[in-house]
>>> print(open('my_file_22.txt').read())   # compact mmCIF, C-alpha atoms
# COMPACT_ATOMS: atom_id res chain seq x y z
CA MET A 1 101.96 84.38 99.80
CA PHE A 2 98.91 84.66 97.58
CA ALA A 3 95.71 85.96 99.17
CA LEU A 4 92.67 85.11 97.03
CA VAL A 5 89.51 87.22 97.40
CA HIS A 6 86.35 85.90 95.74
CA GLY A 7 83.62 87.89 94.05
CA ALA A 8 79.84 88.15 94.34
CA TRP A 9 77.85 84.92 94.88
CA TYR A 10 81.04 82.89 95.33
CA GLY A 11 83.09 81.72 98.30
CA ALA A 12 86.60 80.50 99.02
CA TRP A 13 85.60 77.26 97.27
CA CYS A 14 86.00 78.92 93.86
CA TRP A 15 89.81 78.86 94.20
CA GLU A 16 90.06 75.12 94.88
CA SER A 17 91.47 74.23 91.43
CA LEU A 18 93.92 77.14 91.41
CA THR A 19 95.27 76.83 94.95
CA PRO A 20 97.21 73.56 94.59
CA LEU A 21 98.92 74.89 91.44
CA LEU A 22 100.23 77.88 93.38
CA GLN A 23 101.21 75.71 96.34
CA ARG A 24 103.12 73.26 94.15
CA ALA A 25 105.14 76.22 92.92
CA GLY A 26 106.17 76.90 96.52
CA HIS A 27 103.71 79.60 97.56
CA ASP A 28 101.48 79.77 100.60
CA VAL A 29 97.85 80.55 99.79
CA ALA A 30 95.10 82.13 101.89
CA ALA A 31 91.49 82.06 100.70
CA MET A 32 88.64 83.27 102.85
CA ASP A 33 84.84 83.34 102.79
CA LEU A 34 83.58 86.91 102.64
CA PRO A 35 80.24 87.60 104.37
CA CYS A 36 78.57 88.39 101.05
CA ASP A 37 75.19 87.11 102.28
CA ASP A 38 75.27 89.37 105.38
CA ALA A 39 72.98 92.35 104.77
CA ALA A 40 74.93 94.44 107.32
CA ALA A 41 78.45 93.79 105.96
CA SER A 42 80.23 96.53 104.00
CA LEU A 43 83.32 96.37 101.80
CA ASP A 44 85.24 97.50 104.87
CA THR A 45 83.85 94.45 106.69
CA TYR A 46 85.10 92.32 103.82
CA ALA A 47 88.53 93.94 104.22
CA ASP A 48 88.44 93.05 107.94
CA VAL A 49 87.99 89.39 106.99
CA VAL A 50 90.87 89.45 104.51
CA CYS A 51 93.20 91.20 106.95
CA ALA A 52 92.31 88.68 109.67
CA ALA A 53 93.23 85.84 107.30
CA LEU A 54 96.61 87.52 106.74
CA ASP A 55 97.32 88.17 110.41
CA GLY A 56 100.92 87.18 111.12
CA CYS A 57 101.94 87.19 107.43
CA ASP A 58 104.89 89.28 106.30
CA ASP A 59 104.82 92.02 103.65
CA ASP A 60 105.33 89.64 100.72
CA VAL A 61 101.64 89.29 99.85
CA VAL A 62 100.19 89.19 96.35
CA LEU A 63 96.53 90.11 96.73
CA VAL A 64 94.21 88.74 94.05
CA GLY A 65 90.58 89.81 93.74
CA HIS A 66 87.96 88.38 91.39
CA SER A 67 85.00 90.38 90.11
CA MET A 68 83.40 92.28 93.01
CA GLY A 69 86.31 91.12 95.18
CA GLY A 70 88.26 93.86 93.44
CA GLY A 71 86.43 96.40 95.58
CA THR A 72 88.14 94.98 98.66
CA LEU A 73 91.73 95.02 97.34
CA PRO A 74 92.57 98.71 97.87
CA LEU A 75 90.96 98.69 101.32
CA VAL A 76 93.27 95.87 102.39
CA ALA A 77 96.29 97.55 100.79
CA ALA A 78 95.52 100.71 102.77
CA ARG A 79 95.61 98.74 106.05
CA ARG A 80 98.62 96.50 105.65
CA PRO A 81 101.62 96.09 103.33
CA VAL A 82 101.05 94.10 100.13
CA ARG A 83 103.45 93.73 97.23
CA HIS A 84 101.08 93.49 94.28
CA LEU A 85 97.36 93.88 93.59
CA ILE A 86 95.90 91.70 90.84
CA TYR A 87 92.33 92.22 89.62
CA VAL A 88 90.94 89.14 87.82
CA CYS A 89 87.89 90.13 85.74
CA GLY A 90 87.70 92.64 88.54
CA PHE A 91 85.45 95.48 89.55
CA VAL A 92 87.50 98.60 90.30
CA PRO A 93 86.08 101.05 92.88
CA GLU A 94 86.02 104.82 92.33
CA VAL A 95 86.79 107.20 95.18
CA GLY A 96 83.61 108.71 96.60
CA ARG A 97 81.24 106.51 94.59
CA SER A 98 79.33 103.34 95.28
CA VAL A 99 79.14 100.34 92.97
CA PHE A 100 75.57 101.32 92.13
CA ASP A 101 76.69 104.91 91.37
CA GLN A 102 79.34 103.59 89.01
CA TRP A 103 76.88 101.34 87.23
CA ARG A 104 74.37 104.17 86.77
CA GLU A 105 77.09 106.44 85.36
CA ASN A 106 78.72 103.67 83.29
CA PRO A 107 75.84 101.51 82.03
CA ASP A 108 78.28 99.61 79.83
CA MET A 109 80.14 98.33 82.90
CA LEU A 110 77.99 95.23 83.51
CA ASN A 111 75.99 93.05 81.17
CA PRO A 112 72.32 93.94 81.88
CA ALA A 113 71.25 90.47 80.74
CA CYS A 114 72.40 89.07 84.08
CA MET A 115 69.53 90.81 85.88
CA ALA A 116 67.01 88.46 84.26
CA GLY A 117 68.59 85.53 86.08
CA LEU A 118 68.60 87.06 89.55
CA LYS A 119 65.92 87.18 92.22
CA ASP A 120 66.02 90.39 94.23
CA ASP A 121 64.40 90.32 97.68
CA GLY A 122 65.27 93.95 98.45
CA GLN A 123 68.34 93.04 100.48
CA SER A 124 70.23 90.64 98.23
CA GLN A 125 70.33 89.01 94.83
CA THR A 126 70.29 85.25 94.27
CA TRP A 127 70.70 83.37 91.01
CA VAL A 128 67.46 81.58 90.14
CA ASP A 129 67.95 81.07 86.39
CA LEU A 130 70.83 78.66 86.69
CA GLU A 131 71.15 78.10 82.95
CA LEU A 132 71.68 81.84 82.51
CA ALA A 133 74.23 81.73 85.33
CA ARG A 134 76.14 79.13 83.33
CA VAL A 135 76.12 81.42 80.28
CA ILE A 136 77.14 84.56 82.18
CA LEU A 137 79.62 83.16 84.70
CA TRP A 138 80.99 79.91 83.20
CA ALA A 139 80.53 79.99 79.44
CA ASP A 140 83.78 78.11 78.85
CA CYS A 141 83.51 75.60 81.72
CA ASP A 142 82.65 71.96 81.20
CA LYS A 143 79.30 70.77 82.54
CA ALA A 144 80.74 68.99 85.59
CA THR A 145 82.53 72.18 86.68
CA SER A 146 79.51 74.42 86.14
CA ASP A 147 77.22 71.89 87.89
CA ALA A 148 79.47 71.96 90.95
CA ALA A 149 79.63 75.76 90.89
CA VAL A 150 75.86 76.16 90.56
CA SER A 151 75.31 74.13 93.70
CA ARG A 152 77.57 76.43 95.76
CA LEU A 153 76.35 79.88 94.74
CA ARG A 154 75.37 82.20 97.60
CA PRO A 155 73.20 85.34 97.83
CA GLN A 156 75.00 88.65 97.38
CA ALA A 157 73.77 91.45 99.62
CA HIS A 158 73.15 94.92 98.18
CA TYR A 159 74.57 96.82 101.15
CA PRO A 160 78.26 96.93 100.19
CA SER A 161 77.35 98.07 96.68
CA SER A 162 75.19 100.90 98.03
CA LEU A 163 77.95 102.60 100.07
CA ALA A 164 80.42 105.15 98.75
CA PHE A 165 83.99 103.85 98.63
CA THR A 166 85.64 105.00 101.85
CA LEU A 167 89.23 105.72 100.80
CA ALA A 168 90.24 109.24 99.77
CA GLU A 169 92.60 107.80 97.16
CA LEU A 170 93.67 104.42 95.83
CA PRO A 171 96.85 103.06 97.45
CA SER A 172 100.10 103.37 95.53
CA VAL A 173 100.80 99.66 94.99
CA ARG A 174 101.88 97.87 91.85
CA THR A 175 98.71 96.72 90.10
CA THR A 176 97.82 94.35 87.28
CA SER A 177 94.42 93.80 85.70
CA VAL A 178 93.74 90.37 84.17
CA VAL A 179 90.80 90.52 81.77
CA CYS A 180 89.17 87.71 79.82
CA SER A 181 88.27 88.18 76.17
CA ASP A 182 84.83 86.54 76.45
CA ASP A 183 83.83 87.92 79.86
CA ARG A 184 80.02 88.01 79.78
CA LEU A 185 79.51 89.82 83.07
CA LEU A 186 82.00 92.71 82.98
CA ASN A 187 82.36 94.59 79.71
CA ILE A 188 85.91 94.00 78.52
CA GLU A 189 86.18 97.48 76.98
CA TRP A 190 85.21 99.01 80.33
CA SER A 191 87.75 96.75 82.05
CA ARG A 192 90.54 97.82 79.70
CA ARG A 193 89.63 101.49 80.03
CA ILE A 194 89.44 101.47 83.83
CA ALA A 195 92.72 99.57 84.11
CA ARG A 196 94.44 102.19 82.00
CA ASP A 197 92.76 105.40 83.14
CA GLN A 198 91.99 104.75 86.80
CA LEU A 199 94.46 102.15 88.02
CA GLY A 200 97.42 102.82 85.77
CA ALA A 201 97.71 99.03 85.82
CA ASP A 202 99.56 96.58 83.65
CA LEU A 203 97.07 94.67 81.52
CA VAL A 204 97.05 90.92 80.87
CA GLU A 205 94.44 89.33 78.60
CA LEU A 206 93.38 85.70 78.74
CA PRO A 207 90.87 83.87 76.56
CA GLY A 208 87.64 82.69 78.10
CA SER A 209 84.82 84.00 80.27
CA HIS A 210 84.30 85.41 83.74
CA SER A 211 85.73 82.64 85.94
CA PRO A 212 89.16 81.58 84.66
CA PHE A 213 90.09 79.89 87.97
CA LEU A 214 87.39 77.33 87.12
CA SER A 215 87.73 77.07 83.34
CA ARG A 216 91.49 77.40 82.88
CA PRO A 217 93.22 77.32 86.30
CA SER A 218 96.61 76.35 84.83
CA ALA A 219 96.67 79.38 82.52
CA LEU A 220 95.67 81.69 85.37
CA ALA A 221 98.26 80.11 87.68
CA ASP A 222 100.95 80.73 85.07
CA VAL A 223 100.00 84.40 84.93
CA LEU A 224 99.91 84.80 88.72
CA LEU A 225 103.22 82.98 89.22
CA HIS A 226 104.88 85.11 86.55
CA LEU A 227 103.61 88.31 88.15
CA ALA A 228 104.75 87.13 91.59
CA GLU A 229 108.28 86.70 90.28
CA MET A 230 108.50 90.24 88.89
>>> encode(input="my_file_22.txt", output="structure tokens")
Amino acid sequence: MFALVHGAWYGAWCWESLTPLLQRAGHDVAAMDLPCDDAAASLDTYADVVCAALDGCDDDVVLVGHSMGGGTLPLVAARRPVRHLIYVCGFVPEVGRSVFDQWRENPDMLNPACMAGLKDDGQSQTWVDLELARVILWADCDKATSDAAVSRLRPQAHYPSSLAFTLAELPSVRTTSVVCSDDRLLNIEWSRRIARDQLGADLVELPGSHSPFLSRPSALADVLLHLAEM
């Protein structure tokens, strides 16, 4: 079983090209909509949604989190058995710190250029410069794919990023970090460093930008299927 956890501004729709590739290889897939536009929802609330989607599943779960969805992975792994955590261009939480704390202390973590494309209403951020969104999120996607993605973007509330991570330690679960060489949202050097120093994760590098499930779903499926067999 693969459980696919989307990142900021996205929804379960972002996995639609990847899911059938995993299913054709014989795997069940669960993808859920996180309440990212709910100003009262925390990362723990997100974990509630993921765990509910996995209710009744056995322990053989490969949990995949994209971008900000990475903040939910260890919370789920602390609540129920999972076999493998896979961060895809993923944010990695630090014990005792919020996302905003991490960004202040590691200004190289995120590309500051993205802020010019976002409207902030005090509770959430919404993409308003859609051409910049294409550059930051889907630089290697064809126009039809990025057009479809633009139309489905959602607001991302600040609240979960403002709260300190609630676990006292990261769960001891096998972990892999998949990074993309032309990621224009997360700094690849930060991603490599955090995978090594904080997660102790295996590292897999793919070409392309921040959303490989849209731009190169077959390549990402190959990676996920290989990791699931290990």
>>> atom_distance(input="my_file_22.txt", atom1="atom CA of Val61 of chain A", atom2="atom CA of Ala39 of chain A")
29.2 Å
>>> closest_atom_pairs(input="my_file_22.txt", of="segment 148-172 of chain A", to="segment 13-34 of chain A", cutoff="10 Å", atoms="all atoms listed in the file", output="CSV")
residue,atom,partner,partner_atom,distance
A:Ala148,CA,A:Cys14,CA,10.0
A:Ala149,CA,A:Cys14,CA,7.7
A:Arg152,CA,A:Trp13,CA,8.2
A:Leu153,CA,A:Cys14,CA,9.7
>>> closest_residue(input="my_file_22.txt", among="A:Pro207, A:Gly200, A:Pro35, A:Pro160", to="Ala219 of chain A", atoms="all atoms listed in the file")
A:Pro207
>>> atom_distance(input="my_file_22.txt", atom1="atom CA of Ala201 of chain A", atom2="atom CA of Ala139 of chain A")
26.4 Å
>>> closest_residue(input="my_file_22.txt", among="A:Val178, A:Val99, A:Val128, A:Leu227", to="Phe213 of chain A", atoms="only C-alpha atoms")
A:Val178
>>> closest_residue(input="my_file_22.txt", among="A:Asn106, A:Ser124, A:Ser146, A:Ser172", to="Ser211 of chain A", atoms="all atoms listed in the file")
A:Ser146
>>> residues_around(input="my_file_22.txt", residues="Ala228 of chain A", least_positions_apart="4", cutoff="9 Å", atoms="all atoms listed in the file", output="list in words")
Phe2, Val62, Arg83, His84, Val223 and Leu224 of chain A
>>> residues_around(input="my_file_22.txt", residues="Asp59 of chain A", least_positions_apart="4", cutoff="8 Å", atoms="all atoms listed in the file", output="ChimeraX atom specification")
/A:80-83
>>> atom_distance(input="my_file_22.txt", atom1="atom CA of Glu205 of chain A", atom2="atom CA of Trp138 of chain A")
17.1 Å
>>> closest_residue(input="my_file_22.txt", among="A:Arg192, A:Ala78, A:Arg104, A:Leu4", to="Ala168 of chain A", atoms="only C-alpha atoms")
A:Ala78
>>> residues_around(input="my_file_22.txt", residues="Leu167 of chain A", least_positions_apart="4", cutoff="9 Å", atoms="all atoms listed in the file", output="number ranges by chain")
A: 74-75, 78, 95-96, 171
